[in-house]
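Quick notes on the structure that follows.
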Amino acid sequence: MKVKVLTIFPEIFPGFLGYSLTGRALNEGIWSLETVNIRDYAFDKHGSVDDTPCGGGAGMVMRPDVLGAALKANYQGGRLIYMSPRGEPLTQEKVKELSCEENLTIVCGRFEGIDQRVIDAFNIEELSIGDYVLTGGEQAAQIMLDAVVRLLPGVLGNADSTADESFEDNLLEHPQYTRPVDWEGRLVPEVLMSGHHKKIAEWQKEQAIEITKRRRPDLMKKYLDSKRV
């Protein structure tokens with residue numbers, strides 16, 4: 001997968017993506033990362049990329065002529081994404097979808113966002129990592145990329161590692177335990193030490209359902225609806 005990021009802070013990347021599994025995958029060429037400094041396409045000596053919002057209001061807006069020039073020079077097809085709090089929520093299903101793409105181009109906004117005309121002209125897809133506002137899209141882009149890259153073939157050591165994770169089958173993950181079996185009087189559930197794989201799988205499923213029911217009734221409804229189909 002080839003990833004290109006348009007930002008005014010290219011030095012932020014790869015950030016934590018350069019470590020652990022994603023960093024190793026980057027070094028091994030499983031995915032590549034190129035950053036583009038939007039300021040390089042500014043029209044004045046100060047590298048200005050923003051201006052006051054039309055109609056008034058606080059903050060600044062990223063200019064369409066500068067960002068548009070950056071996109072025209074660097075976008076070469078594939079999925080084009082703008083990290084935005086008003087975007088479609090990033091879900092595990094969306095992450096799986098993105099992991100199948102050969103090319104991802106990500107626009108990281110700053111200030112109050114980017115001029116709507118750029119979004120319309122390039123038909124940019126807006127994605128959100130949650131119902132909150134960050135200082136910029138760089139953090140959101142890295143989180144999205146971490147979720148996507150780990151699903152690329154060859155990144156995880158065990159291809160089955162994602163099978164029982166949260167959001168698979170619309171359920172949160174069951175509790176996990178390791179040794180020692182007795183930690184400060186707290187014991188690993190006996191069934192997990194039984195070696196009885198069928199009973200262990202049943203216990204894990206029950207726990208996943210119970211946790212999802214308590215913490216995410218919205219996901220529980222999706223799970224139940226999927227079973228009725």
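Chain lettering (A, B, ...) mirrors the order of the structure tokens, residue numbering begins at 1 for each chain separately, and ligand numbering begins at 1 in order of display.
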
Shell around Gln204 (chain A) at 7 Å using only C-alpha atoms, local window under 4 positions removed, as a PyMOL selection string: chain A and resi 174+200+208

Within 8 Å of Ile30 (chain A) using only C-alpha atoms, minus same-chain residues under 2 positions, as a count of residues only: 9

Shell around Tyr41 (chain A) at 10 Å using only C-alpha atoms, local window under 3 positions removed, as an mmCIF file with all heavy atoms, in the first residue's frame:
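So the final result, stored in part02.cif, reads:
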```cif
data_model
loop_
_atom_site.group_PDB
_atom_site.id
_atom_site.type_symbol
_atom_site.label_atom_id
_atom_site.label_comp_id
_atom_site.auth_asym_id
_atom_site.auth_seq_id
_atom_site.Cartn_x
_atom_site.Cartn_y
_atom_site.Cartn_z
ATOM 1 N N VAL A 36 3.729 15.369 2.075
ATOM 2 C CA VAL A 36 3.774 16.553 1.218
ATOM 3 C C VAL A 36 3.486 17.768 2.087
ATOM 4 O O VAL A 36 2.472 17.800 2.791
ATOM 5 C CB VAL A 36 2.726 16.461 0.092
ATOM 6 C CG1 VAL A 36 2.705 17.755 -0.726
ATOM 7 C CG2 VAL A 36 3.001 15.254 -0.797
ATOM 8 N N ASN A 37 4.383 18.744 2.056
ATOM 9 C CA ASN A 37 4.180 19.971 2.826
ATOM 10 C C ASN A 37 3.306 20.921 2.020
ATOM 11 O O ASN A 37 3.723 21.439 0.967
ATOM 12 C CB ASN A 37 5.525 20.625 3.145
ATOM 13 C CG ASN A 37 5.384 21.720 4.198
ATOM 14 O OD1 ASN A 37 4.318 22.317 4.354
ATOM 15 N ND2 ASN A 37 6.449 22.001 4.911
ATOM 16 N N ILE A 38 2.103 21.163 2.502
ATOM 17 C CA ILE A 38 1.159 22.026 1.790
ATOM 18 C C ILE A 38 1.720 23.440 1.631
ATOM 19 O O ILE A 38 1.446 24.134 0.647
ATOM 20 C CB ILE A 38 -0.193 22.059 2.539
ATOM 21 C CG1 ILE A 38 -0.804 20.647 2.561
ATOM 22 C CG2 ILE A 38 -1.164 23.024 1.869
ATOM 23 C CD1 ILE A 38 -2.021 20.505 3.453
ATOM 24 N N ASP A 44 2.882 33.100 -1.361
ATOM 25 C CA ASP A 44 3.641 34.237 -0.830
ATOM 26 C C ASP A 44 4.887 33.748 -0.112
ATOM 27 O O ASP A 44 5.055 32.555 0.144
ATOM 28 C CB ASP A 44 2.772 35.097 0.095
ATOM 29 C CG ASP A 44 2.293 34.335 1.332
ATOM 30 O OD1 ASP A 44 2.824 33.232 1.609
ATOM 31 O OD2 ASP A 44 1.384 34.819 2.025
ATOM 32 N N GLY A 47 4.602 31.564 3.152
ATOM 33 C CA GLY A 47 4.044 30.214 3.131
ATOM 34 C C GLY A 47 2.642 30.151 3.713
ATOM 35 O O GLY A 47 2.272 29.155 4.344
ATOM 36 N N SER A 48 1.860 31.196 3.467
ATOM 37 C CA SER A 48 0.505 31.263 4.037
ATOM 38 C C SER A 48 -0.415 30.229 3.393
ATOM 39 O O SER A 48 -0.462 30.104 2.157
ATOM 40 C CB SER A 48 -0.090 32.662 3.838
ATOM 41 O OG SER A 48 0.737 33.631 4.432
ATOM 42 N N VAL A 49 -1.138 29.515 4.211
ATOM 43 C CA VAL A 49 -2.057 28.492 3.691
ATOM 44 C C VAL A 49 -3.492 28.733 4.129
ATOM 45 O O VAL A 49 -4.395 28.015 3.724
ATOM 46 C CB VAL A 49 -1.633 27.080 4.165
ATOM 47 C CG1 VAL A 49 -0.260 26.724 3.636
ATOM 48 C CG2 VAL A 49 -1.666 26.974 5.681
ATOM 49 N N ASP A 65 -6.971 27.680 -3.091
ATOM 50 C CA ASP A 65 -5.973 27.766 -4.144
ATOM 51 C C ASP A 65 -4.684 27.050 -3.745
ATOM 52 O O ASP A 65 -4.059 26.357 -4.555
ATOM 53 C CB ASP A 65 -5.691 29.231 -4.516
ATOM 54 C CG ASP A 65 -5.417 30.136 -3.321
ATOM 55 O OD1 ASP A 65 -5.526 29.664 -2.163
ATOM 56 O OD2 ASP A 65 -5.092 31.319 -3.546
ATOM 57 N N VAL A 66 -4.298 27.170 -2.462
ATOM 58 C CA VAL A 66 -3.070 26.518 -1.995
ATOM 59 C C VAL A 66 -3.259 25.008 -1.901
ATOM 60 O O VAL A 66 -2.471 24.227 -2.454
ATOM 61 C CB VAL A 66 -2.637 27.092 -0.630
ATOM 62 C CG1 VAL A 66 -1.390 26.365 -0.126
ATOM 63 C CG2 VAL A 66 -2.372 28.584 -0.730
ATOM 64 N N LEU A 67 -4.304 24.583 -1.201
ATOM 65 C CA LEU A 67 -4.533 23.145 -1.046
ATOM 66 C C LEU A 67 -4.864 22.501 -2.389
ATOM 67 O O LEU A 67 -4.424 21.379 -2.678
ATOM 68 C CB LEU A 67 -5.661 22.898 -0.045
ATOM 69 C CG LEU A 67 -5.996 21.436 0.247
ATOM 70 C CD1 LEU A 67 -4.764 20.654 0.700
ATOM 71 C CD2 LEU A 67 -7.103 21.337 1.301
ATOM 72 N N GLY A 68 -5.615 23.227 -3.213
ATOM 73 C CA GLY A 68 -5.941 22.703 -4.544
ATOM 74 C C GLY A 68 -4.700 22.467 -5.379
ATOM 75 O O GLY A 68 -4.572 21.452 -6.071
ATOM 76 N N ALA A 69 -3.748 23.402 -5.299
ATOM 77 C CA ALA A 69 -2.493 23.250 -6.036
ATOM 78 C C ALA A 69 -1.708 22.047 -5.533
ATOM 79 O O ALA A 69 -1.112 21.294 -6.321
ATOM 80 C CB ALA A 69 -1.661 24.522 -5.907
ATOM 81 N N ALA A 70 -1.706 21.845 -4.219
ATOM 82 C CA ALA A 70 -1.006 20.707 -3.627
ATOM 83 C C ALA A 70 -1.618 19.387 -4.086
ATOM 84 O O ALA A 70 -0.902 18.423 -4.400
ATOM 85 C CB ALA A 70 -1.028 20.806 -2.106
ATOM 86 N N LEU A 71 -2.933 19.344 -4.153
ATOM 87 C CA LEU A 71 -3.613 18.122 -4.582
ATOM 88 C C LEU A 71 -3.398 17.862 -6.077
ATOM 89 O O LEU A 71 -3.135 16.721 -6.487
ATOM 90 C CB LEU A 71 -5.110 18.230 -4.279
ATOM 91 C CG LEU A 71 -5.500 17.953 -2.826
ATOM 92 C CD1 LEU A 71 -6.932 18.394 -2.558
ATOM 93 C CD2 LEU A 71 -5.334 16.480 -2.495
ATOM 94 N N ALA A 73 -0.914 18.607 -7.834
ATOM 95 C CA ALA A 73 0.473 18.191 -8.069
ATOM 96 C C ALA A 73 0.776 16.802 -7.514
ATOM 97 O O ALA A 73 1.723 16.147 -7.974
ATOM 98 C CB ALA A 73 1.425 19.206 -7.449
#
```

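Restricting the calculation to only C-alpha atoms, the smallest distance between Ser99 (chain A) and any of A:Glu138, A:Glu34, A:Glu210, A:Asp146 is found for A:Asp146.
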
Helix (DSSP H, G or I) residues, from DSSP on the backbone, in region 25-200 of chain A, as a PyMOL selection string: chain A and resi 25-27+38-41+64-74+92-98+116-122+137-149+168-170+190-193+197-200

Residue list (strand (DSSP E), DSSP) for region 32-228 of chain A, as a PyMOL selection string: chain A and resi 32-37+50-51+61-62+79-89+103-107+125-128+182-183+186-187

Go ahead and save the picked residues with N, CA, C and O atoms, as a compact mmCIF listing (two decimals), in the first residue's frame.
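Listing of part.txt after writing:
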```txt
# COMPACT_ATOMS: atom_id res chain seq x y z
N SER A 32 4.24 2.07 2.19
CA SER A 32 5.16 3.20 2.05
C SER A 32 4.45 4.48 2.46
O SER A 32 3.23 4.58 2.40
N LEU A 33 5.24 5.45 2.89
CA LEU A 33 4.68 6.72 3.37
C LEU A 33 5.44 7.89 2.75
O LEU A 33 6.67 7.95 2.82
N GLU A 34 4.69 8.78 2.14
CA GLU A 34 5.27 10.01 1.59
C GLU A 34 4.48 11.20 2.15
O GLU A 34 3.26 11.19 2.15
N THR A 35 5.19 12.19 2.66
CA THR A 35 4.52 13.38 3.16
C THR A 35 4.75 14.55 2.21
O THR A 35 5.82 14.69 1.62
N VAL A 36 3.73 15.37 2.08
CA VAL A 36 3.77 16.55 1.22
C VAL A 36 3.49 17.77 2.09
O VAL A 36 2.47 17.80 2.79
N ASN A 37 4.38 18.74 2.06
CA ASN A 37 4.18 19.97 2.83
C ASN A 37 3.31 20.92 2.02
O ASN A 37 3.72 21.44 0.97
N ASP A 50 -3.74 29.75 4.94
CA ASP A 50 -5.07 29.97 5.49
C ASP A 50 -5.49 31.42 5.35
O ASP A 50 -4.69 32.31 5.07
N ASP A 51 -6.80 31.66 5.56
CA ASP A 51 -7.35 33.01 5.54
C ASP A 51 -8.61 33.03 6.38
O ASP A 51 -9.11 31.97 6.79
N VAL A 61 -9.37 29.39 7.86
CA VAL A 61 -9.75 28.29 6.98
C VAL A 61 -8.64 28.08 5.95
O VAL A 61 -8.06 29.03 5.43
N MET A 62 -8.32 26.81 5.67
CA MET A 62 -7.29 26.50 4.69
C MET A 62 -7.74 26.92 3.29
O MET A 62 -8.83 26.55 2.84
N ARG A 79 -7.98 6.22 -3.18
CA ARG A 79 -8.85 6.78 -2.16
C ARG A 79 -8.29 8.10 -1.65
O ARG A 79 -7.12 8.19 -1.29
N LEU A 80 -9.12 9.14 -1.64
CA LEU A 80 -8.71 10.47 -1.18
C LEU A 80 -9.55 10.82 0.04
O LEU A 80 -10.78 10.92 -0.04
N ILE A 81 -8.89 11.00 1.18
CA ILE A 81 -9.58 11.13 2.47
C ILE A 81 -9.18 12.40 3.19
O ILE A 81 -8.00 12.78 3.21
N TYR A 82 -10.16 13.05 3.78
CA TYR A 82 -9.93 14.21 4.64
C TYR A 82 -10.38 13.85 6.04
O TYR A 82 -11.53 13.48 6.26
N MET A 83 -9.47 13.93 7.01
CA MET A 83 -9.82 13.62 8.39
C MET A 83 -10.58 14.80 8.98
O MET A 83 -10.05 15.90 9.09
N SER A 84 -11.84 14.55 9.34
CA SER A 84 -12.72 15.64 9.76
C SER A 84 -13.70 15.17 10.83
O SER A 84 -14.25 14.07 10.72
N PRO A 85 -13.96 15.98 11.88
CA PRO A 85 -14.91 15.57 12.91
C PRO A 85 -16.34 15.43 12.39
O PRO A 85 -17.17 14.80 13.05
N ARG A 86 -16.62 15.97 11.24
CA ARG A 86 -17.97 15.83 10.69
C ARG A 86 -18.07 14.68 9.68
O ARG A 86 -19.08 14.49 9.04
N GLY A 87 -16.99 13.92 9.55
CA GLY A 87 -16.96 12.84 8.58
C GLY A 87 -17.68 11.59 9.04
O GLY A 87 -18.16 11.49 10.18
N GLU A 88 -17.74 10.63 8.15
CA GLU A 88 -18.32 9.32 8.46
C GLU A 88 -17.46 8.66 9.54
O GLU A 88 -16.24 8.70 9.47
N PRO A 89 -18.08 8.04 10.54
CA PRO A 89 -17.29 7.41 11.61
C PRO A 89 -16.40 6.30 11.07
O PRO A 89 -16.81 5.50 10.22
N ASN A 103 -3.68 2.59 -3.01
CA ASN A 103 -3.23 3.96 -2.77
C ASN A 103 -4.19 4.70 -1.86
O ASN A 103 -5.41 4.68 -2.08
N LEU A 104 -3.63 5.36 -0.87
CA LEU A 104 -4.40 6.23 0.01
C LEU A 104 -3.74 7.61 0.02
O LEU A 104 -2.53 7.72 0.22
N THR A 105 -4.54 8.65 -0.21
CA THR A 105 -4.06 10.02 -0.07
C THR A 105 -4.88 10.67 1.03
O THR A 105 -6.12 10.64 0.98
N ILE A 106 -4.20 11.22 2.03
CA ILE A 106 -4.88 11.76 3.20
C ILE A 106 -4.57 13.24 3.34
O ILE A 106 -3.40 13.65 3.32
N VAL A 107 -5.62 14.05 3.48
CA VAL A 107 -5.47 15.48 3.70
C VAL A 107 -5.66 15.76 5.19
O VAL A 107 -6.68 15.38 5.77
N GLU A 125 -13.44 12.20 0.40
CA GLU A 125 -14.19 11.42 1.40
C GLU A 125 -13.78 11.91 2.80
O GLU A 125 -12.61 12.00 3.12
N GLU A 126 -14.76 12.23 3.62
CA GLU A 126 -14.47 12.70 4.98
C GLU A 126 -14.67 11.57 5.99
O GLU A 126 -15.70 10.92 6.00
N LEU A 127 -13.66 11.37 6.84
CA LEU A 127 -13.72 10.34 7.87
C LEU A 127 -13.41 10.94 9.24
O LEU A 127 -12.56 11.83 9.34
N SER A 128 -14.07 10.44 10.26
CA SER A 128 -13.88 10.92 11.63
C SER A 128 -13.49 9.76 12.53
O SER A 128 -14.05 8.66 12.42
N ASP A 182 -2.44 -17.26 39.70
CA ASP A 182 -2.88 -16.60 40.93
C ASP A 182 -2.08 -15.30 41.09
O ASP A 182 -0.88 -15.33 41.34
N TRP A 183 -2.75 -14.18 40.90
CA TRP A 183 -2.09 -12.88 41.08
C TRP A 183 -2.81 -12.12 42.19
O TRP A 183 -3.94 -11.71 42.06
N ARG A 186 -6.22 -13.11 42.97
CA ARG A 186 -7.15 -13.10 41.83
C ARG A 186 -6.73 -14.21 40.87
O ARG A 186 -5.59 -14.25 40.42
N LEU A 187 -7.68 -15.11 40.58
CA LEU A 187 -7.37 -16.30 39.79
C LEU A 187 -7.84 -16.17 38.34
O LEU A 187 -8.85 -15.52 38.05
```

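The nearest approach to Phe9 (chain A) among the residues A:Ile209, A:Gly78, A:Gly130, A:Gly137, with only C-alpha atoms taken into account, belongs to A:Gly137.
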